[in-house]
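Below is the file data-v8.cif, which contains mmCIF, C-alpha atoms.
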data_model
loop_
_atom_site.label_atom_id
_atom_site.label_comp_id
_atom_site.auth_asym_id
_atom_site.auth_seq_id
_atom_site.Cartn_x
_atom_site.Cartn_y
_atom_site.Cartn_z
CA MET A 49 29.79 15.79 11.63
CA SER A 50 29.30 16.95 15.19
CA ASN A 51 26.77 15.66 17.60
CA SER A 52 26.36 18.25 20.30
CA ARG A 53 23.61 18.01 22.88
CA LEU A 54 21.84 20.86 24.56
CA GLU A 55 19.73 19.69 27.49
CA ASP A 56 16.96 17.64 25.92
CA ARG A 57 17.61 18.94 22.45
CA LEU A 58 19.61 17.41 19.65
CA VAL A 59 21.75 19.32 17.23
CA ALA A 60 22.74 17.69 13.97
CA ASP A 61 24.75 19.80 11.58
CA GLY A 62 24.59 17.66 8.50
CA PRO A 63 25.23 18.67 4.91
CA GLY A 64 22.17 20.89 4.64
CA GLY A 65 22.70 22.90 7.81
CA ALA A 66 21.68 22.61 11.39
CA VAL A 67 18.45 21.61 13.02
CA LEU A 68 17.57 22.22 16.62
CA VAL A 69 14.62 20.28 17.86
CA HIS A 70 13.08 18.42 20.75
CA PRO A 71 13.02 14.67 20.19
CA PRO A 72 9.44 13.81 19.23
CA ALA A 73 7.35 11.82 21.66
CA GLY A 74 7.61 8.09 21.15
CA ILE A 75 11.08 8.22 19.58
CA ASP A 76 13.90 6.71 21.62
CA PRO A 77 16.31 9.64 22.19
CA GLU A 78 19.25 7.30 22.64
CA LEU A 79 18.64 5.73 19.22
CA LEU A 80 18.35 9.23 17.75
CA LYS A 81 21.71 10.23 19.20
CA ARG A 82 23.38 7.13 17.83
CA GLY A 83 21.82 7.67 14.41
CA LEU A 84 23.20 11.19 14.29
CA ASP A 85 26.70 9.72 14.31
CA HIS A 86 26.06 7.97 10.99
CA PRO A 87 26.27 10.23 7.93
CA ILE A 88 23.27 8.82 6.08
CA LEU A 89 21.05 8.31 9.11
CA ALA A 90 21.93 11.83 10.27
CA GLY A 91 20.76 13.25 6.94
CA VAL A 92 17.53 11.29 7.07
CA LEU A 93 16.90 12.16 10.72
CA ARG A 94 17.49 15.85 10.07
CA HIS A 95 14.82 15.71 7.37
CA LEU A 96 12.38 13.78 9.55
CA LEU A 97 12.91 16.00 12.59
CA GLU A 98 12.39 19.14 10.54
CA ARG A 99 9.27 17.64 8.99
CA GLU A 100 7.80 16.69 12.34
CA ALA A 101 8.62 20.10 13.78
CA GLN A 102 6.53 21.68 11.01
CA ALA A 103 3.73 19.11 11.10
CA VAL A 104 0.20 20.18 11.90
CA GLY A 105 -2.53 17.77 12.95
CA ARG A 106 -2.43 14.04 12.44
CA PRO A 107 0.10 12.46 10.07
CA VAL A 108 -0.96 12.25 6.46
CA ALA A 109 0.53 10.56 3.42
CA TYR A 110 0.85 12.07 -0.02
CA TYR A 111 0.47 10.81 -3.54
CA GLU A 112 3.48 8.76 -4.57
CA ASP A 113 3.81 10.00 -8.15
CA SER A 114 4.79 13.50 -7.12
CA PRO A 115 7.96 15.20 -5.90
CA MET B 98 -13.85 24.87 -14.70
CA LEU B 99 -10.55 26.26 -13.40
CA GLU B 100 -12.24 28.89 -11.25
CA ARG B 101 -14.66 26.31 -9.86
CA SER B 102 -11.81 23.95 -8.95
CA ALA B 103 -9.93 26.75 -7.24
CA ALA B 104 -13.05 27.83 -5.37
CA ARG B 105 -13.55 24.27 -4.07
CA ILE B 106 -9.97 24.20 -2.83
CA GLY B 107 -10.48 27.57 -1.13
CA GLU B 108 -13.70 26.30 0.41
CA HIS B 109 -11.92 23.26 1.83
CA VAL B 110 -9.10 25.36 3.28
CA ALA B 111 -11.59 27.70 4.93
CA THR B 112 -13.79 24.90 6.29
CA HIS B 113 -10.88 23.14 7.97
CA LYS B 114 -8.75 26.22 8.68
CA LEU B 115 -5.83 24.56 6.91
CA ARG B 116 -2.45 26.22 7.26
CA ARG B 117 -0.78 24.34 4.42
CA ILE B 118 -1.94 22.47 1.33
CA ARG B 119 -0.23 20.81 -1.60
CA VAL B 120 -1.37 21.29 -5.16
CA GLU B 121 0.25 19.11 -7.80
CA LEU B 122 -0.04 19.62 -11.53
CA HIS B 123 -0.04 16.28 -13.22
CA GLY B 124 -0.44 14.74 -16.63
CA GLY B 125 0.11 13.19 -19.10
CA GLU B 126 2.56 16.01 -19.38
CA PRO B 127 1.31 19.00 -17.38
CA LEU B 128 3.49 21.50 -19.25
CA LEU B 129 2.17 20.44 -22.66
CA GLY B 130 -0.44 23.20 -22.58
CA GLY B 131 2.28 25.78 -21.96
CA VAL B 132 3.73 27.16 -18.79
CA ASP B 133 1.37 30.14 -18.88
CA ALA B 134 -1.64 27.85 -18.69
CA ALA B 135 -0.06 25.97 -15.79
CA LEU B 136 0.71 29.18 -13.94
CA LYS B 137 -2.79 30.47 -14.51
CA GLN B 138 -4.03 27.42 -12.62
CA VAL B 139 -1.57 28.12 -9.84
CA SER B 140 -2.47 31.78 -9.44
CA CYS B 141 -6.16 30.96 -9.59
CA VAL B 142 -5.83 28.49 -6.69
CA ARG B 143 -3.67 30.84 -4.63
CA GLU B 144 -6.13 33.67 -5.15
CA ALA B 145 -9.13 31.51 -4.24
CA VAL B 146 -7.41 30.29 -1.08
CA ARG B 147 -6.48 33.86 -0.13
CA ALA B 148 -10.04 34.99 -0.68
CA ALA B 149 -11.69 32.13 1.19
CA ALA B 150 -9.36 31.46 4.08
CA GLY B 151 -9.58 33.50 7.24
CA THR B 152 -6.00 32.73 8.17
CA PRO B 153 -2.86 32.50 6.03
CA CYS B 154 -2.47 29.20 4.20
CA ASP B 155 0.76 28.12 2.55
CA VAL B 156 -0.13 26.77 -0.91
CA ARG B 157 2.77 24.58 -2.01
CA VAL B 158 2.66 23.86 -5.71
CA SER B 159 4.63 21.30 -7.65
CA VAL B 160 4.66 19.90 -11.13
CA GLN B 161 5.80 16.42 -12.17
CA THR B 162 7.13 16.49 -15.71
CA ASN B 163 9.11 14.43 -18.20
CA GLY B 164 11.54 17.37 -18.36
CA THR B 165 11.49 17.84 -22.13
CA LEU B 166 9.72 21.21 -22.01
CA LEU B 167 11.95 22.77 -19.35
CA THR B 168 13.47 25.59 -21.39
CA GLU B 169 15.38 28.45 -19.75
CA ASP B 170 12.28 30.60 -19.88
CA VAL B 171 10.00 27.92 -18.47
CA VAL B 172 12.33 27.16 -15.57
CA SER B 173 12.76 30.85 -14.78
CA VAL B 174 9.02 31.45 -14.82
CA LEU B 175 8.37 28.43 -12.59
CA ALA B 176 11.06 29.57 -10.18
CA ALA B 177 9.60 33.07 -10.02
CA ALA B 178 6.22 31.54 -9.20
CA ASP B 179 7.74 29.27 -6.53
CA VAL B 180 6.57 26.10 -8.27
CA ARG B 181 8.69 23.07 -7.42
CA VAL B 182 9.52 20.71 -10.25
CA GLY B 183 10.07 16.96 -10.19
CA VAL B 184 11.18 14.99 -13.21
CA SER B 185 10.30 11.41 -14.12
CA LEU B 186 13.10 9.31 -15.61
CA ASP B 187 13.65 5.59 -16.07
CA GLY B 188 17.33 5.90 -15.24
CA GLY B 189 20.18 8.33 -15.74
CA ARG B 190 21.32 7.32 -19.21
CA ALA B 191 19.88 7.26 -22.72
CA ASP B 192 19.61 3.47 -22.87
CA HIS B 193 17.59 3.47 -19.62
CA ASN B 194 15.03 5.78 -21.24
CA LYS B 195 14.49 4.15 -24.62
CA ARG B 196 10.76 3.93 -24.01
CA ARG B 197 10.47 7.68 -23.47
CA VAL B 198 9.72 9.30 -26.83
CA ASP B 199 8.10 12.53 -27.91
CA HIS B 200 4.83 12.87 -29.83
CA ALA B 201 6.65 12.04 -33.08
CA GLY B 202 8.27 8.94 -31.65
CA ARG B 203 11.72 10.53 -31.32
CA PRO B 204 13.84 9.83 -28.23
CA ALA B 205 13.05 12.33 -25.49
CA TRP B 206 16.34 11.83 -23.67
CA GLU B 207 18.35 14.75 -25.06
CA ALA B 208 15.61 17.28 -24.36
CA ALA B 209 14.99 15.82 -20.90
CA THR B 210 18.65 16.04 -19.89
CA ARG B 211 18.90 19.62 -21.10
CA GLY B 212 15.80 20.42 -19.08
CA ILE B 213 17.16 18.83 -15.91
CA ALA B 214 20.46 20.69 -16.31
CA ARG B 215 18.53 23.97 -16.45
CA LEU B 216 16.44 22.93 -13.47
CA ALA B 217 19.53 22.02 -11.46
CA ARG B 218 20.64 25.65 -11.73
CA HIS B 219 17.54 26.51 -9.67
CA PRO B 220 17.97 24.25 -6.63
CA GLU B 221 15.23 26.15 -4.82
CA ILE B 222 12.63 24.53 -7.10
CA TYR B 223 14.44 21.32 -8.15
CA ALA B 224 12.36 18.81 -6.21
CA GLY B 225 14.12 15.70 -7.47
CA LEU B 226 13.69 12.66 -9.66
CA LEU B 227 11.19 9.80 -9.75
CA CYS B 228 12.21 6.50 -11.33
CA THR B 229 10.00 3.46 -11.85
CA ILE B 230 11.86 0.21 -11.24
CA ASP B 231 12.82 -1.94 -14.21
CA LEU B 232 14.34 -5.25 -13.13
CA ASP B 233 16.19 -5.53 -16.44
CA MET B 234 18.44 -2.67 -15.42
CA ASP B 235 21.30 -2.87 -12.99
CA PRO B 236 20.13 -1.06 -9.83
CA VAL B 237 23.49 0.40 -8.90
CA ASP B 238 23.99 1.66 -12.44
CA VAL B 239 20.54 3.27 -12.38
CA TYR B 240 21.23 4.92 -9.02
CA ASP B 241 24.73 6.13 -9.92
CA SER B 242 23.56 7.55 -13.23
CA LEU B 243 20.63 9.38 -11.63
CA MET B 244 22.98 10.89 -9.05
CA GLU B 245 24.87 12.61 -11.87
CA PHE B 246 21.89 14.96 -12.11
CA GLY B 247 22.47 16.11 -8.53
CA PRO B 248 18.95 15.56 -7.20
CA GLN B 249 18.30 16.56 -3.61
CA ALA B 250 15.64 13.83 -3.52
CA LEU B 251 15.08 10.60 -5.40
CA ASP B 252 12.44 7.93 -5.29
CA PHE B 253 12.18 4.51 -6.84
CA LEU B 254 8.62 3.47 -7.57
CA LEU B 255 7.34 -0.07 -7.77
CA PRO B 256 5.54 -0.56 -11.11
CA HIS B 257 1.79 -0.42 -10.58
CA ALA B 258 0.59 -4.00 -10.46
CA ASN B 259 -1.73 -6.25 -8.44
CA TRP B 260 -2.70 -9.89 -7.99
CA GLU B 261 -4.65 -9.85 -11.28
CA TYR B 262 -1.90 -8.11 -13.23
CA PRO B 263 1.43 -9.01 -11.60
CA PRO B 264 4.50 -6.91 -12.34
CA PRO B 265 7.23 -8.00 -14.76
CA GLY B 266 9.34 -10.76 -13.28
CA LYS B 267 6.83 -11.72 -10.62
CA GLY B 268 3.74 -13.81 -11.37
CA PRO B 269 1.21 -14.94 -8.72
CA SER B 270 3.02 -18.27 -8.41
CA MET B 271 6.17 -16.33 -7.53
CA ALA B 272 4.51 -14.33 -4.77
CA GLY B 273 7.15 -15.43 -2.26
CA SER B 274 10.02 -14.28 -4.43
CA ALA B 275 11.35 -10.79 -3.86
CA PRO B 276 13.17 -9.53 -6.96
CA TYR B 277 12.06 -5.94 -6.37
CA GLY B 278 13.14 -6.09 -2.73
CA GLU B 279 16.53 -7.42 -3.79
CA TRP B 280 16.86 -4.73 -6.48
CA LEU B 281 16.08 -1.99 -3.99
CA SER B 282 18.36 -3.47 -1.32
CA ARG B 283 21.33 -3.13 -3.66
CA ILE B 284 20.62 0.58 -4.07
CA PHE B 285 20.10 0.92 -0.32
CA ASP B 286 23.55 -0.52 0.35
CA ARG B 287 25.15 1.79 -2.22
CA TRP B 288 23.46 4.80 -0.63
CA PHE B 289 23.78 3.80 3.04
CA ASP B 290 27.42 2.75 2.86
CA SER B 291 28.59 5.71 0.77
CA GLY B 292 29.86 7.66 3.78
CA ARG B 293 28.30 10.93 2.58
CA TYR B 294 24.67 12.07 2.53
CA ARG B 295 24.11 13.33 -1.01
CA THR B 296 20.40 12.80 -1.52
CA ARG B 297 17.26 11.68 0.24
CA ILE B 298 15.76 8.51 -1.20
CA ARG B 299 12.14 8.83 -0.18
CA LEU B 300 11.24 5.15 0.18
CA PHE B 301 14.34 4.41 2.25
CA ALA B 302 13.94 7.54 4.38
CA GLU B 303 10.32 6.66 5.12
CA ILE B 304 11.25 3.09 6.14
CA ILE B 305 14.07 4.36 8.36
CA GLY B 306 11.66 6.80 9.95
CA LEU B 307 9.04 4.12 10.52
CA LEU B 308 11.62 1.82 12.12
CA TYR B 309 12.45 4.69 14.49
CA GLY B 310 8.76 5.31 15.20
CA PHE B 311 8.14 8.39 13.05
CA PRO B 312 4.89 8.47 11.04
CA SER B 313 5.18 8.09 7.27
CA ARG B 314 4.28 10.81 4.77
CA ALA B 315 4.16 8.63 1.66
CA GLU B 316 1.52 6.21 0.44
CA ALA B 317 4.11 3.54 -0.41
CA VAL B 318 4.67 2.48 3.22
CA GLY B 319 3.30 3.18 6.69
CA LEU B 320 -0.18 3.61 8.05
CA SER B 321 -0.76 7.35 7.69
CA ALA B 322 -4.02 8.46 6.11
CA VAL B 323 -3.70 9.14 2.39
CA VAL B 324 -5.02 12.62 1.65
CA ALA B 325 -4.96 13.03 -2.11
CA VAL B 326 -7.79 13.55 -4.55
CA LEU B 327 -7.54 14.29 -8.22
CA VAL B 328 -9.52 16.86 -10.21
CA GLU B 329 -9.80 15.91 -13.86
CA THR B 330 -9.93 18.50 -16.64
CA ASP B 331 -13.69 17.86 -17.04
CA GLY B 332 -14.31 18.68 -13.37
CA SER B 333 -14.79 15.14 -12.12
CA ILE B 334 -13.22 14.37 -8.76
CA GLU B 335 -11.35 11.09 -8.67
CA GLN B 336 -9.23 9.06 -6.33
CA VAL B 337 -5.57 8.83 -7.34
CA ASP B 338 -5.26 7.79 -10.97
CA SER B 339 -2.94 4.88 -10.18
CA LEU B 340 -6.09 3.01 -9.07
CA ARG B 341 -7.03 2.66 -12.73
CA THR B 342 -4.39 -0.06 -12.98
CA ALA B 343 -6.67 -2.27 -10.83
CA TYR B 344 -9.77 -2.18 -13.04
CA ALA B 345 -11.67 0.22 -15.28
CA HIS B 346 -13.10 3.23 -13.44
CA ALA B 347 -11.53 2.11 -10.12
CA SER B 348 -10.56 5.71 -9.40
CA SER B 349 -14.03 7.10 -10.07
CA THR B 350 -16.02 8.69 -7.24
CA GLY B 351 -19.04 9.83 -9.28
CA MET B 352 -18.54 13.34 -7.89
CA THR B 353 -17.65 16.63 -9.56
CA ILE B 354 -16.46 20.02 -8.46
CA PHE B 355 -19.74 21.46 -9.75
CA GLU B 356 -21.89 19.44 -7.37
CA ASN B 357 -19.63 18.24 -4.58
CA SER B 358 -17.24 19.60 -1.99
CA PHE B 359 -14.02 17.82 -1.10
CA ASP B 360 -15.66 16.93 2.21
CA ASP B 361 -18.22 14.94 0.19
CA VAL B 362 -15.33 12.97 -1.31
CA LEU B 363 -14.06 12.08 2.17
CA GLU B 364 -17.27 10.07 2.63
CA HIS B 365 -16.54 7.92 -0.41
CA PRO B 366 -15.77 4.33 0.72
CA GLY B 367 -12.61 4.12 -1.37
CA VAL B 368 -11.25 7.33 0.14
CA ALA B 369 -12.36 6.40 3.67
CA ALA B 370 -10.66 3.00 3.38
CA ARG B 371 -7.31 4.71 3.02
CA GLN B 372 -7.83 6.73 6.20
CA LEU B 373 -8.33 3.78 8.54
CA GLY B 374 -4.75 2.75 9.21
CA VAL B 375 -4.38 -0.86 10.28
CA ASP B 376 -8.15 -1.30 10.48
CA GLY B 377 -8.35 -0.88 6.71
CA LEU B 378 -6.07 -3.86 6.07
CA GLY B 379 -6.79 -7.52 5.47
CA GLU B 380 -6.40 -10.18 8.15
CA ASP B 381 -2.98 -11.34 6.88
CA CYS B 382 -1.57 -7.86 7.21
CA ARG B 383 -3.05 -7.14 10.62
CA ARG B 384 -1.30 -10.21 12.05
CA CYS B 385 2.06 -9.44 10.42
CA PRO B 386 4.91 -8.12 12.60
CA VAL B 387 6.09 -5.84 9.79
CA VAL B 388 2.77 -4.06 9.32
CA ARG B 389 3.61 -0.92 11.29
CA VAL B 390 6.39 -0.28 8.77
CA CYS B 391 5.03 -1.52 5.45
CA GLY B 392 1.44 -0.51 6.25
CA GLY B 393 0.30 -3.09 3.73
CA GLY B 394 2.20 -1.29 0.97
CA ASN B 395 0.61 0.90 -1.66
CA TYR B 396 -3.17 0.39 -1.64
CA VAL B 397 -3.19 0.04 -5.41
CA HIS B 398 -0.96 -3.03 -5.25
CA ARG B 399 -3.35 -5.04 -3.04
CA TYR B 400 -6.16 -5.55 -5.53
CA ARG B 401 -7.50 -9.02 -6.32
CA LYS B 402 -10.74 -9.74 -8.10
CA GLY B 403 -13.36 -10.91 -5.59
CA SER B 404 -11.73 -9.55 -2.45
CA GLY B 405 -10.93 -6.08 -3.72
CA PHE B 406 -8.17 -4.36 -1.76
CA LEU B 407 -8.33 -6.47 1.44
CA ASN B 408 -5.24 -8.43 0.48
CA ARG B 409 -1.52 -8.39 0.99
CA SER B 410 0.39 -6.36 -1.56
CA ILE B 411 1.61 -8.20 -4.65
CA TYR B 412 4.95 -6.78 -3.41
CA CYS B 413 4.53 -8.12 0.16
CA SER B 414 7.64 -10.30 0.07
CA ASP B 415 9.65 -7.53 -1.60
CA LEU B 416 8.67 -5.00 1.04
CA GLU B 417 9.41 -7.39 3.88
CA LEU B 418 12.81 -8.25 2.44
CA LEU B 419 13.70 -4.58 2.00
CA ILE B 420 12.43 -3.53 5.43
CA ARG B 421 14.29 -6.34 7.18
CA HIS B 422 17.40 -5.53 5.17
CA ILE B 423 17.26 -1.88 6.25
CA ALA B 424 16.62 -2.84 9.87
CA HIS B 425 19.55 -5.26 9.69
CA LYS B 426 21.83 -2.49 8.40
CA MET B 427 20.65 0.03 11.00
CA GLY B 428 20.88 -2.36 13.94
CA PRO B 429 24.66 -2.34 14.44
CA VAL B 430 24.84 1.44 13.95
CA LEU B 431 22.21 2.02 16.62
CA GLY B 432 23.33 -0.81 18.89
CA SER B 433 19.83 -2.23 18.74
CA ASP B 434 18.51 -5.55 17.56
CA SER B 435 14.90 -4.72 18.39
CA LEU B 436 13.96 -2.38 15.55
CA LEU B 437 11.68 -5.03 14.12
CA PRO B 438 10.15 -8.19 15.62
CA ASP B 439 11.10 -11.52 14.03
#
Will you turn the file into structure tokens for me?
Amino acid sequence: MSNSRLEDRLVADGPGGAVLVHPPAGIDPELLKRGLDHPILAGVLRHLLEREAQAVGRPVAYYEDSP
Amino acid sequence: MLERSAARIGEHVATHKLRRIRVELHGGEPLLGGVDAALKQVSCVREAVRAAAGTPCDVRVSVQTNGTLLTEDVVSVLAAADVRVGVSLDGGRADHNKRRVDHAGRPAWEAATRGIARLARHPEIYAGLLCTIDLDMDPVDVYDSLMEFGPQALDFLLPHANWEYPPPGKGPSMAGSAPYGEWLSRIFDRWFDSGRYRTRIRLFAEIIGLLYGFPSRAEAVGLSAVVAVLVETDGSIEQVDSLRTAYAHASSTGMTIFENSFDDVLEHPGVAARQLGVDGLGEDCRRCPVVRVCGGGNYVHRYRKGSGFLNRSIYCSDLELLIRHIAHKMGPVLGSDSLLPD
């Protein structure tokens, strides 16, 4: 697990590959960096950062009984 | 009926210039009518969206199945059509799934495991496993056994229940107890302390995200607007079917695809209530320091006769215990003790 930083971007190369993103507004970048040093939090954060990078419009929630 | 449903979806995409939608085939068992019938629905929707939308729209399709009908051919056909597949299990071993039987009453376990094994050979469409919590089972055993199927995602669902019909192991007089929160916390520890990220557990990932300040994308926690409607096989448009566990016809909207657009459904009070965030919650919840994370829990679990859904969740104490447990585990890692107010 590496935790490189490029300017205001975070790079987390977790088990599923790398993600290169800007920290979303409202998220403490320092807490993000610390989370990326933990294997489970890094995996979760990678998923959340990818999801937010692809998000369009306001946040919505999906039906629970679905994949 | 199918063409009309697809046309309504296309209409909605065009009206709102949507760039991505999710279509989920549900049951009963959605593959019971054959994979060809399921794929006909899929192609019909994709074609209607293509025809109606002025801009490209990504139609993401998934099916939630019991896994018993996932033959080699079915999995291959679903993969070719880019249909993601989730499987519902009660645990990862035969004795966890004793209640799952086929139409003749025979155990469904063997067929389900064969189906999941075939699905696992197509990771591009293997969406993961859903498991409803049973307090009689050991949580770590359930988690470990499910992990043997190599899911990239897992979720543990609270049994649908409310203040009128409490869940097993938790009557109204035990509202302050938190057996489901304790059960889930044991799995959280197993997962969080494992040292290696092997799967995403949706409920835990959403809570972690909410503690960080991300919005949620699941109806179980958080305050994001819920954006699901259900089209029945007779053309009626309903709210999510889990609402039926509150009272008869609770999911009904009185609308159909023949007479109503999906925009009409957005005006329905039950649908609107789930778009209001904290303003759609009862007084107890609005005052609670945990509300930005739990979001009042699943809407379905708040029902009480007389006050409807303006109540705490029957799982309120369970959710608070779990959320505080997760915050407590994250705190030392992040060097922060302010993830959640006391």
**Asked** Got a sec: who's within 9 Å of segment 122-138 of chain B, counting all atoms listed in the file, leaving out chain neighbours fewer than 4 positions off, as a list in words?
**Response**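 In the requested format, the answer is Asp113 and Ser114 of chain A; Leu99, Glu100, Ala103, Val142, Arg143, Val158, Ser159, Val160, Gln161, Thr162, Asn163, Leu166, Leu167, Val171, Val174, Leu175, Ala178 and Val180 of chain B.
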From (17.9, 2.5, 21.8), in the file's coordinates, out to 12 Å: which residues are reached, counting all atoms listed in the file? Answer as a ChimeraX atom specification. /A:74-83 /B:308-310,427-436
For a cut-off of 10 Å around (11.3, 19.2, -7.0), file coordinates, pick out all residues using all atoms listed in the file and list them as a ChimeraX atom specification.
/A:114-115 /B:158-161,180-184,216-217,219-227,248-251
Can you write out the residues you just picked, keeping C-alpha atoms, as a PDB file, keeping the file's coordinate frame?
ATOM      1  CA  SER A 114       4.790  13.500  -7.120  1.00  0.00           C
ATOM      2  CA  PRO A 115       7.960  15.200  -5.900  1.00  0.00           C
TER       3      PRO A 115
ATOM      4  CA  VAL B 158       2.660  23.860  -5.710  1.00  0.00           C
ATOM      5  CA  SER B 159       4.630  21.300  -7.650  1.00  0.00           C
ATOM      6  CA  VAL B 160       4.660  19.900 -11.130  1.00  0.00           C
ATOM      7  CA  GLN B 161       5.800  16.420 -12.170  1.00  0.00           C
ATOM      8  CA  VAL B 180       6.570  26.100  -8.270  1.00  0.00           C
ATOM      9  CA  ARG B 181       8.690  23.070  -7.420  1.00  0.00           C
ATOM     10  CA  VAL B 182       9.520  20.710 -10.250  1.00  0.00           C
ATOM     11  CA  GLY B 183      10.070  16.960 -10.190  1.00  0.00           C
ATOM     12  CA  VAL B 184      11.180  14.990 -13.210  1.00  0.00           C
ATOM     13  CA  LEU B 216      16.440  22.930 -13.470  1.00  0.00           C
ATOM     14  CA  ALA B 217      19.530  22.020 -11.460  1.00  0.00           C
ATOM     15  CA  HIS B 219      17.540  26.510  -9.670  1.00  0.00           C
ATOM     16  CA  PRO B 220      17.970  24.250  -6.630  1.00  0.00           C
ATOM     17  CA  GLU B 221      15.230  26.150  -4.820  1.00  0.00           C
ATOM     18  CA  ILE B 222      12.630  24.530  -7.100  1.00  0.00           C
ATOM     19  CA  TYR B 223      14.440  21.320  -8.150  1.00  0.00           C
ATOM     20  CA  ALA B 224      12.360  18.810  -6.210  1.00  0.00           C
ATOM     21  CA  GLY B 225      14.120  15.700  -7.470  1.00  0.00           C
ATOM     22  CA  LEU B 226      13.690  12.660  -9.660  1.00  0.00           C
ATOM     23  CA  LEU B 227      11.190   9.800  -9.750  1.00  0.00           C
ATOM     24  CA  PRO B 248      18.950  15.560  -7.200  1.00  0.00           C
ATOM     25  CA  GLN B 249      18.300  16.560  -3.610  1.00  0.00           C
ATOM     26  CA  ALA B 250      15.640  13.830  -3.520  1.00  0.00           C
ATOM     27  CA  LEU B 251      15.080  10.600  -5.400  1.00  0.00           C
TER      28      LEU B 251
END
When the PyMOL selection byres ((chain B and resi 357) around 12) is applied to the structure above, which residues does it catch, written out as a PyMOL selection string?
chain B and resi 101-102+104-106+108-109+328+332-335+350-356+358-365
| message | Neighbouring residues of Ser348 of chain B were defined as those with any atom within 10 Å, considering only C-alpha atoms; residues of the same chain fewer than 5 positions away were excluded. Please report them as a list in words. | response |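 Listing them by chain and then by number gives Val326, Leu327, Ile334, Glu335, Gln336, Val337, Asp338, Ser339, Leu340, Arg341, Thr342, Ala343, Gly367 and Val368 of chain B.
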Would you kindly translate the PyMOL selection byres ((chain B and resi 378-393) around 6) into the concrete residues it picks from this file, as a PyMOL selection string? chain B and resi 307+318-320+375-377+394+407-408
Please fill the gaps in segment 249-263 of chain B so it has N, CA and C atoms, and write that as a CSV table (one decimal), in the coordinates of the input.
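And here's selection-v9.csv as it stands now:
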chain,number,residue,atom,x,y,z
B,249,GLN,N,18.3,16.5,-5.1
B,249,GLN,CA,18.3,16.6,-3.6
B,249,GLN,C,17.4,15.5,-3.1
B,250,ALA,N,16.5,14.9,-3.9
B,250,ALA,CA,15.6,13.8,-3.5
B,250,ALA,C,15.4,12.9,-4.7
B,251,LEU,N,15.3,11.6,-4.4
B,251,LEU,CA,15.1,10.6,-5.4
B,251,LEU,C,14.0,9.7,-4.9
B,252,ASP,N,13.3,9.0,-5.8
B,252,ASP,CA,12.4,7.9,-5.3
B,252,ASP,C,12.4,6.9,-6.4
B,253,PHE,N,12.3,5.6,-5.9
B,253,PHE,CA,12.2,4.5,-6.8
B,253,PHE,C,10.8,3.9,-6.6
B,254,LEU,N,10.0,3.9,-7.7
B,254,LEU,CA,8.6,3.5,-7.6
B,254,LEU,C,8.4,2.1,-8.1
B,255,LEU,N,7.7,1.3,-7.3
B,255,LEU,CA,7.3,-0.1,-7.8
B,255,LEU,C,6.3,0.1,-8.9
B,256,PRO,N,6.5,-0.7,-10.0
B,256,PRO,CA,5.5,-0.6,-11.1
B,256,PRO,C,4.1,-0.9,-10.6
B,257,HIS,N,3.1,-0.1,-11.0
B,257,HIS,CA,1.8,-0.4,-10.6
B,257,HIS,C,1.3,-1.8,-11.1
B,258,ALA,N,0.9,-2.6,-10.2
B,258,ALA,CA,0.6,-4.0,-10.5
B,258,ALA,C,-0.3,-4.5,-9.3
B,259,ASN,N,-0.9,-5.6,-9.5
B,259,ASN,CA,-1.7,-6.2,-8.4
B,259,ASN,C,-1.8,-7.7,-8.7
B,260,TRP,N,-2.6,-8.4,-7.9
B,260,TRP,CA,-2.7,-9.9,-8.0
B,260,TRP,C,-3.3,-10.4,-9.3
B,261,GLU,N,-4.1,-9.5,-10.0
B,261,GLU,CA,-4.6,-9.8,-11.3
B,261,GLU,C,-3.7,-9.6,-12.4
B,262,TYR,N,-2.9,-8.5,-12.2
B,262,TYR,CA,-1.9,-8.1,-13.2
B,262,TYR,C,-0.6,-8.0,-12.5
B,263,PRO,N,0.1,-9.1,-12.3
B,263,PRO,CA,1.4,-9.0,-11.6
B,263,PRO,C,2.5,-8.2,-12.4
